Structures are given as C-alpha cells and as structure tokens.
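> Below is one structure. I have some questions about it.
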Amino acid sequence: MKTKHSQNITALFHNMLDAILNGEASFGELELAGKYQYKQCEFTLHQLYKCFAGLDMELATLSYTELRKALFHSPVNEEMKKRGGEIVIKENMGKVDESVYCLQFFNPLN
C-alpha cells in the first residue's frame with residue numbers, strides 16, 4: 001500500500017543505492033560500507049529518520065512515528081529488488097525501533 005510519502009521515501013532509497021553503487025563513503029549522515037561485491041548501508045530507524053529529514057523538506061515535516069509508518073507502508077523493498085538491492089534486518093533486537101537494518105547490494109559479477 002502506497003502512502004502519501006512513499007514516492008519521497010522510495011526516491012531517497014534509490015539515491016542511497018546509487019551512493020552505494022558509486023562507492024561513496026556516506027549518504028547524508030549514514031556511512032556506507034562493504035567490499036567487493038557486498039556493498040551496504042546500515043541504519044536504525046531513528047538514524048534513517050534523521051537522515052531523511054535532513055535530505056527531504058516534505059519528510060522533515062513528519063514525526064518519527066509518521067515516517068516509520070509511511071516507510072512500512074511504502075513499496076521500497078520491491079523497488080530496491082528491481083535494482084539488485086534489498087532491505088534486510090541485520091540485527092534483530094526484538095523491537096523495530098532498536099533493530100539494525102541494512103540496504104545491501106549484491107553483485108555476483110564482481
């Protein structure tokens with residue numbers, strides 16, 4: 001289900017994946033890491049909120065809870081999979097607000 005802010009959220013994740021693929025060191029306030037064919041960006045939802053609010057004026061008007069809800073109702077993972085990316089739970093802490101997530105790209109050709 002798309003939300004009002006899905007397009008903005010998806011666009012930022014596309015930009016994040018572009019930064020990963022271009023070998024950049026960071027995306028907004030998030031560090032990018034990985035070697036060889038494994039490239040990724042790790043984040044908590046609070047870090048993602050802070051990053052996205054700093055990059056998008058419309059998303060900056062949302063509270064943390066509103067952004068989290070919009071994120072969970074957006075088609076972002078489907079969009080990332082079209083480009084070889086995927087958002088996964090890297091460290092499950094038992095609560096969504098405490099868990100660590102990862103946008104990763106795997107290129108088996110590298």
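Identifiers in the structure tokens: chain A, B, ... in order shown; residue index from 1 per chain; ligand index from 1 in order shown.
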Using only C-alpha atoms, find each residue in range 11-37 of chain A having at least one atom no more than 10 Å away from range 78-100 of chain A; report its shortest atom-to-atom pair and that distance in Å (one decimal), rows by chain then rising number, as a tab-separated table.


```
residue	atom	partner	partner_atom	distance
A:Ala11	CA	A:Glu79	CA	9.6
A:Phe13	CA	A:Met80	CA	7.6
A:His14	CA	A:Met80	CA	7.2
A:Leu17	CA	A:Gly85	CA	7.3
A:Asp18	CA	A:Arg83	CA	9.8
A:Ile20	CA	A:Gly85	CA	10.0
```

> Between CA of Tyr49 in chain A and CA of Thr65 in chain A, what is the distance in Å, rounded to a tenth?

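Between these atoms lies a distance of 9.3 Å.
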
> So how far away is CA of Glu66 in chain A from CA of Glu29 in chain A, in Å?

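Computing it gives 20.2 Å between the two atoms.
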